[in-house]
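What follows is input.txt (compact mmCIF, C-alpha atoms).
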# COMPACT_ATOMS: atom_id res chain seq x y z
CA MET A 1 -16.83 8.59 40.53
CA THR A 2 -17.90 9.90 37.13
CA ALA A 3 -20.57 7.77 35.46
CA MET A 4 -19.52 6.14 32.20
CA ARG A 5 -21.07 7.74 29.15
CA ARG A 6 -23.50 5.53 27.30
CA THR A 7 -22.56 4.84 23.68
CA PRO A 8 -23.63 7.76 21.44
CA LEU A 9 -24.91 5.19 18.96
CA ASP A 10 -27.92 4.60 21.23
CA ASP A 11 -29.28 8.09 20.60
CA TRP A 12 -28.45 7.86 16.91
CA ILE A 13 -30.22 4.52 16.54
CA ALA A 14 -33.22 5.85 18.47
CA ALA A 15 -33.56 8.71 15.99
CA ARG A 16 -32.99 6.42 12.99
CA ILE A 17 -35.82 4.08 14.01
CA GLY A 18 -38.25 6.92 14.71
CA LEU A 19 -38.35 7.02 18.52
CA ASN A 20 -39.36 10.19 20.31
CA PRO A 21 -36.71 12.30 22.07
CA GLY A 22 -35.85 10.68 25.39
CA GLN A 23 -36.94 7.20 24.29
CA ARG A 24 -34.12 4.67 24.38
CA PRO A 25 -33.77 1.87 21.87
CA THR A 26 -34.57 -1.51 23.38
CA PRO A 27 -34.11 -4.88 21.70
CA ALA A 28 -37.87 -5.16 21.12
CA ARG A 29 -38.18 -1.69 19.56
CA LEU A 30 -35.15 -2.30 17.38
CA GLU A 31 -36.34 -5.72 16.22
CA GLY A 32 -39.67 -4.27 15.11
CA TRP A 33 -37.87 -1.69 12.97
CA GLN A 34 -35.45 -4.28 11.59
CA LEU A 35 -38.24 -6.66 10.59
CA ALA A 36 -40.14 -3.92 8.74
CA ARG A 37 -36.99 -2.73 6.95
CA LEU A 38 -35.94 -6.28 6.16
CA ASN A 39 -39.26 -7.07 4.49
CA ALA A 40 -39.08 -3.83 2.50
CA THR A 41 -35.54 -4.76 1.40
CA LEU A 42 -36.64 -8.26 0.36
CA GLU A 43 -39.54 -6.88 -1.62
CA GLN A 44 -37.34 -4.40 -3.46
CA ALA A 45 -34.68 -7.03 -4.17
CA CYS A 46 -37.28 -9.44 -5.53
CA ARG A 47 -38.72 -6.74 -7.76
CA GLN A 48 -35.54 -5.01 -8.97
CA SER A 49 -32.59 -7.43 -8.76
CA PRO A 50 -32.05 -10.20 -11.33
CA PHE A 51 -29.56 -11.81 -8.95
CA TYR A 52 -32.02 -12.22 -6.08
CA ARG A 53 -34.81 -13.33 -8.41
CA ARG A 54 -32.52 -16.13 -9.57
CA GLN A 55 -31.61 -16.99 -5.97
CA TRP A 56 -35.25 -17.26 -4.95
CA ARG A 57 -36.52 -18.92 -8.12
CA GLY A 58 -39.28 -21.36 -7.32
CA ARG A 59 -40.06 -19.68 -4.00
CA ALA A 60 -42.78 -17.28 -3.07
CA ARG A 61 -41.58 -13.74 -2.47
CA PRO A 62 -40.09 -13.77 1.04
CA ARG A 63 -42.33 -12.18 3.63
CA LEU A 64 -41.02 -12.73 7.15
CA THR A 65 -42.96 -12.58 10.40
CA ASP A 66 -39.88 -13.01 12.61
CA LEU A 67 -36.23 -12.06 12.16
CA GLU A 68 -35.17 -15.66 12.74
CA GLU A 69 -36.93 -16.66 9.52
CA ILE A 70 -34.10 -15.02 7.57
CA ARG A 71 -32.17 -18.26 8.13
CA ALA A 72 -34.23 -19.88 5.37
CA LEU A 73 -32.79 -17.49 2.77
CA PRO A 74 -29.56 -18.32 0.90
CA PHE A 75 -26.29 -16.54 1.58
CA THR A 76 -24.66 -13.96 -0.67
CA SER A 77 -20.91 -14.26 -1.18
CA ALA A 78 -17.98 -12.11 -2.24
CA GLU A 79 -17.85 -14.17 -5.42
CA ASP A 80 -21.38 -13.01 -6.26
CA LEU A 81 -20.13 -9.41 -6.12
CA ARG A 82 -17.34 -10.30 -8.53
CA GLN A 83 -19.26 -12.31 -11.09
CA ASP A 84 -22.10 -9.94 -12.00
CA PRO A 85 -22.38 -6.93 -9.67
CA LEU A 86 -24.85 -5.13 -11.93
CA SER A 87 -27.36 -7.93 -11.35
CA LEU A 88 -27.53 -6.87 -7.68
CA LEU A 89 -28.18 -3.23 -8.55
CA CYS A 90 -31.74 -2.20 -7.67
CA VAL A 91 -31.86 1.41 -8.92
CA SER A 92 -31.08 3.23 -12.12
CA GLN A 93 -27.37 3.91 -12.55
CA SER A 94 -28.25 7.60 -12.63
CA GLU A 95 -29.13 7.29 -8.91
CA VAL A 96 -25.70 5.88 -8.03
CA ALA A 97 -23.45 8.45 -6.35
CA ARG A 98 -20.38 6.26 -5.86
CA VAL A 99 -19.04 3.05 -7.39
CA ILE A 100 -16.26 1.33 -5.44
CA THR A 101 -14.02 -1.33 -6.94
CA LEU A 102 -12.31 -3.66 -4.48
CA ARG A 103 -9.39 -5.71 -5.71
CA THR A 104 -8.26 -8.60 -3.55
CA SER A 105 -4.54 -8.58 -2.83
CA GLY A 106 -2.63 -11.43 -4.43
CA THR A 107 -5.33 -12.50 -6.89
CA THR A 108 -5.87 -11.84 -10.56
CA GLY A 109 -9.62 -12.49 -10.56
CA ALA A 110 -12.38 -10.01 -11.13
CA PRO A 111 -12.73 -7.32 -8.44
CA LYS A 112 -15.78 -6.74 -6.31
CA ARG A 113 -17.88 -3.72 -7.29
CA LEU A 114 -20.27 -1.93 -4.96
CA PHE A 115 -22.79 0.81 -5.68
CA PHE A 116 -23.98 3.50 -3.25
CA SER A 117 -26.58 6.23 -3.47
CA GLY A 118 -26.08 9.68 -2.01
CA GLU A 119 -28.53 8.89 0.78
CA GLU A 120 -26.51 5.83 1.79
CA LEU A 121 -23.26 7.80 1.90
CA GLU A 122 -25.05 10.38 4.04
CA ALA A 123 -26.00 7.65 6.54
CA THR A 124 -22.33 6.63 6.79
CA ILE A 125 -21.30 10.22 7.52
CA ASP A 126 -23.93 10.27 10.25
CA PHE A 127 -22.61 7.01 11.72
CA PHE A 128 -19.07 8.42 11.77
CA HIS A 129 -20.37 11.60 13.44
CA TYR A 130 -21.86 9.73 16.38
CA GLY A 131 -19.32 6.91 16.55
CA MET A 132 -16.31 9.24 16.66
CA SER A 133 -17.81 11.32 19.45
CA THR A 134 -16.92 8.45 21.79
CA LEU A 135 -13.21 9.17 21.46
CA VAL A 136 -12.95 12.71 20.04
CA ARG A 137 -14.00 15.97 21.69
CA PRO A 138 -15.22 19.05 19.80
CA GLY A 139 -12.26 21.12 18.65
CA GLU A 140 -9.78 18.23 18.63
CA ARG A 141 -7.60 17.55 15.60
CA VAL A 142 -7.78 14.07 14.06
CA LEU A 143 -5.20 12.82 11.57
CA ILE A 144 -6.92 10.38 9.20
CA LEU A 145 -4.43 7.80 7.92
CA LEU A 146 -6.89 6.29 5.42
CA PRO A 147 -7.52 6.92 1.71
CA GLY A 148 -9.31 10.25 1.35
CA ASP A 149 -8.25 11.95 -1.88
CA LEU A 150 -11.44 11.09 -3.76
CA PRO A 151 -14.82 12.57 -2.87
CA ASP A 152 -16.83 10.19 -0.68
CA SER A 153 -13.85 7.92 -0.06
CA VAL A 154 -13.65 6.54 3.48
CA GLY A 155 -11.28 9.28 4.64
CA ASP A 156 -13.46 11.99 3.12
CA LEU A 157 -16.63 10.59 4.72
CA LEU A 158 -14.88 10.40 8.07
CA ARG A 159 -13.70 14.01 7.74
CA LYS A 160 -17.27 15.11 7.09
CA GLY A 161 -18.55 13.13 10.07
CA LEU A 162 -15.95 14.69 12.36
CA SER A 163 -16.88 18.16 11.13
CA ARG A 164 -20.49 17.60 12.23
CA MET A 165 -19.46 16.88 15.80
CA GLY A 166 -17.04 19.82 15.93
CA GLY A 167 -13.85 17.87 15.28
CA ASP A 168 -11.16 18.86 12.81
CA GLY A 169 -10.48 15.91 10.52
CA ILE A 170 -7.26 16.16 8.51
CA VAL A 171 -6.95 13.61 5.69
CA HIS A 172 -3.32 12.49 5.52
CA GLY A 173 -3.82 9.21 3.69
CA PRO A 174 -2.14 5.88 4.43
CA VAL A 175 1.38 6.08 5.83
CA GLN A 176 3.95 6.22 3.04
CA ASP A 177 6.83 7.78 4.97
CA PRO A 178 6.74 7.24 8.76
CA VAL A 179 9.10 10.14 9.43
CA ARG A 180 6.88 12.54 7.48
CA THR A 181 3.73 11.27 9.19
CA LEU A 182 5.25 11.58 12.66
CA GLN A 183 6.38 15.10 11.80
CA ALA A 184 2.82 15.95 10.74
CA ILE A 185 1.51 14.67 14.08
CA ARG A 186 3.88 17.01 15.92
CA ASP A 187 3.50 20.02 13.62
CA ARG A 188 -0.29 19.89 13.55
CA HIS A 189 -0.65 19.14 17.28
CA ILE A 190 -2.77 16.07 16.55
CA ASP A 191 -5.02 14.83 19.35
CA SER A 192 -6.25 11.61 17.73
CA LEU A 193 -5.31 9.18 14.97
CA VAL A 194 -7.44 6.93 12.78
CA GLY A 195 -5.48 4.30 10.88
CA ILE A 196 -4.61 0.76 9.86
CA PRO A 197 -3.37 -1.30 12.83
CA VAL A 198 0.06 -2.31 11.50
CA GLN A 199 0.72 1.18 10.12
CA VAL A 200 -0.04 2.85 13.45
CA LEU A 201 2.12 0.26 15.23
CA ALA A 202 5.00 1.12 12.88
CA LEU A 203 4.61 4.79 13.84
CA ALA A 204 4.53 4.04 17.56
CA ARG A 205 7.67 1.87 17.36
CA HIS A 206 9.62 4.14 15.00
CA PRO A 207 12.65 5.85 16.62
CA ASP A 208 10.98 9.21 15.96
CA GLY A 209 7.80 7.98 17.66
CA ALA A 210 9.40 8.63 21.03
CA ARG A 211 9.46 12.36 20.19
CA ILE A 212 5.69 12.39 20.65
CA GLY A 213 5.23 12.91 24.37
CA ARG A 214 3.03 10.61 26.39
CA GLY A 215 -0.47 11.99 26.45
CA ALA A 216 0.04 14.21 23.39
CA ILE A 217 -2.10 11.78 21.41
CA ARG A 218 -5.23 11.24 23.46
CA SER A 219 -6.92 8.52 21.44
CA VAL A 220 -6.40 6.19 18.49
CA LEU A 221 -9.01 4.38 16.42
CA LEU A 222 -7.83 1.28 14.55
CA SER A 223 -9.81 0.18 11.51
CA THR A 224 -9.87 -1.68 8.16
CA ASP A 225 -8.25 -4.90 9.45
CA TYR A 226 -8.35 -7.34 12.36
CA VAL A 227 -6.70 -5.76 15.42
CA PRO A 228 -4.37 -7.97 17.50
CA ARG A 229 -4.41 -7.30 21.25
CA ALA A 230 -0.61 -7.07 21.15
CA ILE A 231 -0.79 -4.09 18.78
CA VAL A 232 -3.28 -2.31 21.04
CA ALA A 233 -1.00 -2.86 24.05
CA ALA A 234 2.08 -1.63 22.16
CA ILE A 235 0.42 1.62 21.04
CA GLN A 236 -0.97 2.28 24.50
CA ALA A 237 2.46 1.70 26.05
CA ALA A 238 4.25 3.96 23.56
CA TRP A 239 1.96 6.99 23.71
CA GLY A 240 -0.14 6.57 26.84
CA CYS A 241 -3.37 6.91 24.83
CA ARG A 242 -6.64 5.00 24.67
CA VAL A 243 -6.92 2.69 21.68
CA PHE A 244 -10.40 2.01 20.29
CA GLN A 245 -11.46 -0.41 17.57
CA HIS A 246 -13.86 0.06 14.69
CA TYR A 247 -15.44 -2.82 12.78
CA GLY A 248 -16.55 -2.29 9.23
CA MET A 249 -15.99 -3.04 5.59
CA THR A 250 -16.95 -1.40 2.33
CA GLU A 251 -19.78 -3.90 1.86
CA MET A 252 -21.36 -2.56 5.07
CA GLY A 253 -21.14 1.01 3.83
CA PHE A 254 -17.72 1.39 5.54
CA GLY A 255 -19.09 1.53 9.09
CA GLY A 256 -20.39 -1.46 11.05
CA GLY A 257 -19.64 -0.98 14.73
CA VAL A 258 -17.39 0.81 17.19
CA GLU A 259 -16.35 0.47 20.81
CA CYS A 260 -17.77 2.73 23.50
CA ALA A 261 -15.94 4.18 26.51
CA ALA A 262 -16.02 0.73 28.17
CA GLN A 263 -13.95 -0.71 25.28
CA ALA A 264 -15.70 -4.03 25.76
CA GLY A 265 -16.91 -5.01 22.30
CA TYR A 266 -18.56 -3.31 19.34
CA HIS A 267 -21.84 -1.43 19.49
CA LEU A 268 -23.34 -2.13 16.09
CA ARG A 269 -24.98 -0.02 13.41
CA GLU A 270 -28.17 -1.99 13.84
CA ALA A 271 -30.63 0.54 12.42
CA ASP A 272 -28.97 0.02 9.02
CA LEU A 273 -27.56 -3.50 9.31
CA LEU A 274 -28.84 -6.85 10.57
CA PHE A 275 -26.04 -9.04 11.95
CA GLU A 276 -25.92 -12.81 12.34
CA ILE A 277 -23.14 -15.08 13.56
CA VAL A 278 -23.25 -18.53 11.98
CA ASP A 279 -21.28 -21.73 11.94
CA PRO A 280 -19.01 -21.29 8.90
CA VAL A 281 -19.56 -24.89 7.79
CA THR A 282 -23.24 -25.58 8.49
CA GLY A 283 -24.56 -22.01 8.33
CA ASP A 284 -26.53 -22.57 11.56
CA PRO A 285 -26.65 -19.72 14.10
CA VAL A 286 -24.24 -19.83 17.01
CA SER A 287 -24.73 -18.31 20.45
CA GLY A 288 -23.43 -18.54 23.98
CA GLY A 289 -20.25 -16.66 23.20
CA ARG A 290 -19.06 -19.24 20.66
CA PRO A 291 -17.20 -17.83 17.63
CA GLY A 292 -18.61 -18.02 14.15
CA GLU A 293 -18.69 -16.15 10.86
CA VAL A 294 -20.29 -12.70 10.75
CA VAL A 295 -23.14 -12.42 8.23
CA VAL A 296 -24.69 -9.04 7.46
CA THR A 297 -27.89 -7.90 5.75
CA THR A 298 -28.36 -4.27 4.76
CA LEU A 299 -31.66 -2.74 5.87
CA THR A 300 -31.59 0.77 4.39
CA ARG A 301 -29.64 0.33 1.16
CA ARG A 302 -31.67 0.89 -1.99
CA ALA A 303 -28.88 0.95 -4.56
CA MET A 304 -27.30 -2.43 -3.89
CA PRO A 305 -28.86 -4.30 -0.96
CA LEU A 306 -26.90 -7.24 0.35
CA ILE A 307 -28.90 -10.07 1.89
CA ARG A 308 -27.10 -12.51 4.20
CA TYR A 309 -23.65 -11.47 2.98
CA ARG A 310 -20.85 -13.69 4.33
CA THR A 311 -18.07 -11.41 5.55
CA GLY A 312 -15.51 -14.11 6.36
CA ASP A 313 -14.85 -12.39 9.71
CA LEU A 314 -14.87 -14.44 12.90
CA ALA A 315 -16.50 -13.08 16.06
CA ALA A 316 -18.93 -13.95 18.85
CA TRP A 317 -21.89 -12.37 20.60
CA ILE A 318 -21.49 -10.90 24.08
CA ASP A 319 -24.48 -11.85 26.21
CA ASP A 320 -23.79 -9.64 29.24
CA PRO A 321 -25.02 -6.01 29.27
CA CYS A 322 -22.45 -3.35 28.45
CA PRO A 323 -20.98 -1.37 31.37
CA CYS A 324 -21.91 1.81 29.49
CA GLY A 325 -25.61 1.11 30.11
CA SER A 326 -26.76 0.39 26.56
CA ALA A 327 -29.49 -2.22 26.33
CA LEU A 328 -28.49 -3.28 22.82
CA ARG A 329 -26.37 -6.33 22.13
CA ARG A 330 -22.66 -6.22 21.45
CA MET A 331 -20.26 -8.18 19.31
CA ALA A 332 -16.90 -9.26 20.66
CA ARG A 333 -13.84 -7.99 18.86
CA VAL A 334 -13.20 -9.75 15.56
CA ARG A 335 -10.63 -12.49 16.12
CA GLY A 336 -9.54 -12.85 12.51
CA ARG A 337 -10.83 -14.07 9.18
CA ARG A 338 -11.99 -17.51 8.16
CA GLN A 339 -9.73 -17.27 5.11
CA GLU A 340 -6.73 -17.06 7.46
CA LEU A 341 -7.35 -20.42 9.11
CA ARG A 342 -4.80 -22.85 7.76
CA ARG A 343 -5.43 -26.54 8.35
CA LEU A 344 -2.17 -28.46 8.48
CA ALA A 345 -1.74 -31.96 7.12
CA ASP A 346 -2.39 -33.57 10.50
CA GLY A 347 -5.64 -31.64 10.96
CA ILE A 348 -4.28 -29.04 13.40
CA VAL A 349 -5.48 -25.53 12.58
CA LEU A 350 -3.03 -22.64 12.47
CA GLU A 351 -4.66 -19.24 13.03
CA MET A 352 -3.02 -16.01 11.95
CA ASN A 353 -4.28 -14.22 15.06
CA ALA A 354 -2.19 -16.62 17.19
CA LEU A 355 0.92 -15.68 15.22
CA ASP A 356 -0.01 -12.01 15.60
CA GLU A 357 -0.27 -12.14 19.37
CA ALA A 358 3.04 -13.97 19.69
CA LEU A 359 5.10 -11.88 17.28
CA PHE A 360 3.69 -8.36 17.73
CA ALA A 361 4.32 -8.72 21.47
CA LEU A 362 8.06 -8.52 20.66
CA PRO A 363 8.92 -4.80 20.96
CA GLU A 364 11.16 -4.73 17.89
CA VAL A 365 8.66 -6.21 15.44
CA ILE A 366 6.73 -3.83 13.18
CA ASN A 367 5.37 -6.48 10.81
CA TYR A 368 6.07 -9.98 9.60
CA GLN A 369 5.39 -12.37 6.73
CA ALA A 370 4.46 -16.00 7.35
CA THR A 371 4.61 -18.57 4.53
CA LEU A 372 3.43 -22.17 4.48
CA ARG A 373 4.98 -24.44 1.86
CA SER A 374 5.38 -28.10 1.08
CA GLY A 375 8.82 -29.66 1.36
CA GLY A 376 10.53 -33.00 1.19
CA SER A 377 10.15 -33.43 4.94
CA GLY A 378 6.53 -32.32 5.13
CA GLU A 379 5.09 -28.87 5.63
CA HIS A 380 7.24 -25.87 6.48
CA LEU A 381 6.45 -22.54 8.13
CA THR A 382 8.79 -19.70 7.20
CA VAL A 383 8.63 -16.43 9.15
CA THR A 384 10.35 -13.18 8.22
CA LEU A 385 10.24 -10.38 10.78
CA PHE A 386 10.48 -6.69 9.85
CA ALA A 387 12.18 -4.42 12.36
CA TYR A 388 13.74 -0.97 12.51
CA GLN A 389 16.88 -2.24 14.21
CA ASP A 390 18.98 -5.35 13.71
CA ASP A 391 19.09 -7.38 16.93
CA HIS A 392 20.80 -10.76 16.66
CA ARG A 393 18.74 -12.03 19.61
CA LEU A 394 15.38 -11.37 17.94
CA PRO A 395 15.15 -14.63 15.90
CA SER A 396 15.69 -16.80 18.97
CA ARG A 397 13.21 -14.79 21.04
CA ALA A 398 10.65 -15.06 18.24
CA ALA A 399 11.22 -18.80 18.02
CA VAL A 400 10.57 -19.15 21.74
CA ALA A 401 7.36 -17.11 21.37
CA LEU A 402 6.13 -19.35 18.56
CA GLU A 403 6.96 -22.48 20.56
CA GLN A 404 4.40 -21.34 23.15
CA LEU A 405 1.54 -21.59 20.63
CA PRO A 406 -0.38 -24.85 21.22
CA ALA A 407 -1.06 -25.47 17.51
CA LEU A 408 2.58 -25.05 16.49
CA ARG A 409 3.83 -27.02 19.47
CA ALA A 410 1.54 -29.94 18.63
CA ALA A 411 2.26 -29.84 14.89
CA THR A 412 6.03 -29.75 15.34
CA ALA A 413 5.95 -32.43 18.04
CA ASN A 414 4.25 -34.95 15.77
CA GLY A 415 6.44 -34.05 12.79
CA ALA A 416 3.67 -32.60 10.64
CA LEU A 417 5.28 -29.16 10.52
CA ARG A 418 8.77 -27.75 10.61
CA VAL A 419 9.40 -24.13 11.56
CA ASP A 420 12.33 -22.86 9.52
CA PRO A 421 14.96 -20.54 11.02
CA ILE A 422 13.43 -17.09 11.49
CA ALA A 423 14.80 -14.26 9.37
CA VAL A 424 14.89 -10.55 10.22
CA GLU A 425 14.86 -7.71 7.70
CA LYS A 426 15.90 -4.25 8.86
CA ARG A 427 13.66 -1.58 7.31
CA LEU A 428 14.06 1.90 8.76
CA GLY A 429 11.76 3.47 6.16
CA PHE A 430 9.26 0.65 6.44
CA VAL A 431 5.78 1.25 5.09
CA ALA A 432 3.21 -1.39 6.05
CA PRO A 433 0.84 -2.32 3.20
CA THR A 434 -2.76 -1.16 3.25
CA ALA A 435 -4.10 -4.56 2.16
CA LYS A 436 -5.32 -7.03 4.77
CA ARG A 437 -2.50 -9.24 5.98
CA THR A 438 -2.47 -12.93 5.12
CA ILE A 439 -0.56 -16.15 5.60
CA ASP A 440 1.03 -16.90 2.22
CA ASP A 441 -0.03 -20.48 1.55
CA GLN A 442 2.23 -21.98 -1.12
CA ARG A 443 1.52 -25.62 -0.36
CA THR A 444 0.86 -27.83 -3.34
CA THR A 445 -2.23 -29.22 -1.58
CA ASN A 446 -4.46 -27.05 0.57
CA VAL A 447 -6.26 -29.13 3.15
CA SER A 448 -9.95 -28.39 3.69
CA LEU A 449 -10.86 -25.91 6.42
CA LYS A 450 -13.98 -27.84 7.33
CA ASP A 451 -14.59 -27.86 11.08
CA ALA A 452 -11.66 -25.46 11.55
CA ILE A 453 -13.37 -23.38 14.20
CA ALA A 454 -13.43 -24.83 17.66

Taking this structure as input, can you express it in the form of structure tokens?
Amino acid sequence: MTAMRRTPLDDWIAARIGLNPGQRPTPARLEGWQLARLNATLEQACRQSPFYRRQWRGRARPRLTDLEEIRALPFTSAEDLRQDPLSLLCVSQSEVARVITLRTSGTTGAPKRLFFSGEELEATIDFFHYGMSTLVRPGERVLILLPGDLPDSVGDLLRKGLSRMGGDGIVHGPVQDPVRTLQAIRDRHIDSLVGIPVQVLALARHPDGARIGRGAIRSVLLSTDYVPRAIVAAIQAAWGCRVFQHYGMTEMGFGGGVECAAQAGYHLREADLLFEIVDPVTGDPVSGGRPGEVVVTTLTRRAMPLIRYRTGDLAAWIDDPCPCGSALRRMARVRGRRQELRRLADGIVLEMNALDEALFALPEVINYQATLRSGGSGEHLTVTLFAYQDDHRLPSRAAVALEQLPALRAATANGALRVDPIAVEKRLGFVAPTAKRTIDDQRTTNVSLKDAIA
């Protein structure tokens, strides 16, 4: 039996924290590096950032002797990045190599703005280099279905990282025409794909997707959004490939963590980022495999350090050692976003990831839209399925799938919620959006999400 390869991130982290060749990163060695970098980050933020000086007004400059002491510091939120992003900037604007503006889908408020130095972009390229070597071999061709037209965009950084490990990254951009993208996969003899989960699912389930022989695509990496297990299973079944998951967001410098060959949780970019998982209501740390909100602190960012940034993502720690042999901790796959928890009038919580697992398991479904609204008879859930073919049996099969969800079953049984007849829209040229998916909440009164996480 061939031994499983240890995550390449171990060697990368060892080099990043200054270990000698052959030395492996251990939790103790890593924590020493993280504490030193964290204190340097706090000192710089206190000295250079008006935002953090306001946050810590009345306190002595933070100087921590243990990583757990970070809990005493306040959180940073997405709203802080919208209100006055320049107040978080800690270097001269002449040192900024890239400014990224993030607009939230469906809102008209101010966008988030993030600033990166050239050195920070270089670290992301390095992360992509090592992370991608888990699933891509030198010489293989990778079709990148992410934005990459602009220099130092995520697709461009990924292309550069692949080049360093001997891979051939081809920036295609998000899927706009599934037929054209599938043709490019065949014409270019693509070995691996990197893309948005629902977009890759739409390719795998497209009628032309069957023209890609099983095994032609060796691996797929899904990124930029929460990844339902049903989507992973569907892609694996269609193409006979291994499907890996990446966890990251622009606020993290694009890359945060990636699965190893064991595909049993994320190995994290812990030389550059300090992760916490906290109770979303109290802010207290959670452990023992319980889910909570991911909070991240940057350790090597000079341009715009983020200290205790609330991501809104829900995940849990994995306590057991990884089968790959790494000694570093892992995070379980993200199970969704806190913003997508919808508390119904009777207190039952509806999670989008539950809808995902039920509906994407239906082989015809390539996407769906779920809407909550108030009506004369209480709250209503409306679901519209998108499919390539019109099958009159699909609505009833989808209804049965939804009836199996405990939250919906309980809410409909006590009369708090009514599930409207399910609609199906046939869309042969369907293009899934690049924005993160959401439950459209049109209720006149949104009930508090307090205590929503079990």

Checklist entry - Taking all atoms listed in the file into account, which of A:Leu182, A:Ile170, A:Ala78, A:Val194 comes nearest A:Leu306? => result A:Ala78

Next on the checklist: Can you tell me which residues surround stretch 391-394 of chain A at a distance of at most 12 Å, considering only C-alpha atoms, apart from same-chain residues fewer than 6 positions away, and format the answer as a PyMOL selection string?
Outcome noted: chain A and resi 359+361-365+384-385+400-401+421-426

Checklist entry - Can you tell me, as a ChimeraX atom specification, what residues are no more than 9 Å from A:Leu417 when counting only C-alpha atoms, ignoring any on the same chain fewer than 6 positions away? => result /A:344-346,377-381,408,410-411

Written selection (C-alpha atoms) as a short mmCIF file (atom, residue, chain, number, x, y, z; two decimals), keeping the file's coordinate frame:
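Once everything was written out, this is result10.cif:
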data_model
loop_
_atom_site.label_atom_id
_atom_site.label_comp_id
_atom_site.auth_asym_id
_atom_site.auth_seq_id
_atom_site.Cartn_x
_atom_site.Cartn_y
_atom_site.Cartn_z
CA LEU A 344 -2.17 -28.46 8.48
CA ALA A 345 -1.74 -31.96 7.12
CA ASP A 346 -2.39 -33.57 10.50
CA SER A 377 10.15 -33.43 4.94
CA GLY A 378 6.53 -32.32 5.13
CA GLU A 379 5.09 -28.87 5.63
CA HIS A 380 7.24 -25.87 6.48
CA LEU A 381 6.45 -22.54 8.13
CA LEU A 408 2.58 -25.05 16.49
CA ALA A 410 1.54 -29.94 18.63
CA ALA A 411 2.26 -29.84 14.89
#

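Those residues that approach A:Asp279 to within 7 Å, counting only C-alpha atoms, are A:Gly283, A:Asp284, A:Pro285, A:Val286, A:Gly292, A:Glu293; same-chain residues fewer than 4 positions away are not listed.
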
Item to check | Using all atoms listed in the file: which of A:Thr297, A:Arg24, A:Asp420, A:Ser49 has the shortest distance to A:Asp10 | outcome: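 Of the candidates, the smallest distance to A:Asp10 is held by A:Arg24.
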
Skip A:Val294 itself and residues of its chain fewer than 6 positions away, then list as an mmCIF file with C-alpha atoms, keeping the file's coordinate frame all residues within 12 Å of it, counting all atoms listed in the file.
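Listing of out-v9.cif after writing:
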data_model
loop_
_atom_site.group_PDB
_atom_site.id
_atom_site.type_symbol
_atom_site.label_atom_id
_atom_site.label_comp_id
_atom_site.auth_asym_id
_atom_site.auth_seq_id
_atom_site.Cartn_x
_atom_site.Cartn_y
_atom_site.Cartn_z
ATOM 1 C CA PHE A 75 -26.290 -16.540 1.580
ATOM 2 C CA TYR A 247 -15.440 -2.820 12.780
ATOM 3 C CA GLY A 248 -16.550 -2.290 9.230
ATOM 4 C CA MET A 249 -15.990 -3.040 5.590
ATOM 5 C CA MET A 252 -21.360 -2.560 5.070
ATOM 6 C CA GLY A 256 -20.390 -1.460 11.050
ATOM 7 C CA LEU A 273 -27.560 -3.500 9.310
ATOM 8 C CA LEU A 274 -28.840 -6.850 10.570
ATOM 9 C CA PHE A 275 -26.040 -9.040 11.950
ATOM 10 C CA GLU A 276 -25.920 -12.810 12.340
ATOM 11 C CA ILE A 277 -23.140 -15.080 13.560
ATOM 12 C CA VAL A 278 -23.250 -18.530 11.980
ATOM 13 C CA ASP A 279 -21.280 -21.730 11.940
ATOM 14 C CA PRO A 280 -19.010 -21.290 8.900
ATOM 15 C CA GLY A 283 -24.560 -22.010 8.330
ATOM 16 C CA ASP A 284 -26.530 -22.570 11.560
ATOM 17 C CA PRO A 285 -26.650 -19.720 14.100
ATOM 18 C CA VAL A 286 -24.240 -19.830 17.010
ATOM 19 C CA ARG A 308 -27.100 -12.510 4.200
ATOM 20 C CA TYR A 309 -23.650 -11.470 2.980
ATOM 21 C CA ARG A 310 -20.850 -13.690 4.330
ATOM 22 C CA THR A 311 -18.070 -11.410 5.550
ATOM 23 C CA GLY A 312 -15.510 -14.110 6.360
ATOM 24 C CA ASP A 313 -14.850 -12.390 9.710
ATOM 25 C CA LEU A 314 -14.870 -14.440 12.900
ATOM 26 C CA ALA A 315 -16.500 -13.080 16.060
ATOM 27 C CA ALA A 316 -18.930 -13.950 18.850
ATOM 28 C CA TRP A 317 -21.890 -12.370 20.600
ATOM 29 C CA MET A 331 -20.260 -8.180 19.310
ATOM 30 C CA ALA A 332 -16.900 -9.260 20.660
ATOM 31 C CA ARG A 333 -13.840 -7.990 18.860
ATOM 32 C CA VAL A 334 -13.200 -9.750 15.560
ATOM 33 C CA ARG A 335 -10.630 -12.490 16.120
ATOM 34 C CA GLY A 336 -9.540 -12.850 12.510
ATOM 35 C CA ARG A 337 -10.830 -14.070 9.180
ATOM 36 C CA ARG A 338 -11.990 -17.510 8.160
#

Checklist entry - Counting all atoms listed in the file, what is within 12 Å of A:Asp187, bar same-chain residues fewer than 4 positions away, as a PyMOL selection string? => result chain A and resi 141+143+180-183+191+211-212+216

Checklist entry - Mind listing as a list in words all residues within 12 Å of (-23.0, -2.1, 31.2), counting all atoms listed in the file? => result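 Here is the list of nearby residues: Ala3, Met4, Arg5, Arg6, Thr7, Cys260, Ala261, Ala262, Gln263, Ala264, Gly265, His267, Ile318, Asp319, Asp320, Pro321, Cys322, Pro323, Cys324, Gly325, Ser326, Ala327, Leu328, Arg329 and Arg330 of chain A.
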
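Counting from atom CA of A:Glu251, the distance to atom CA of A:Arg164 is 23.9 Å.
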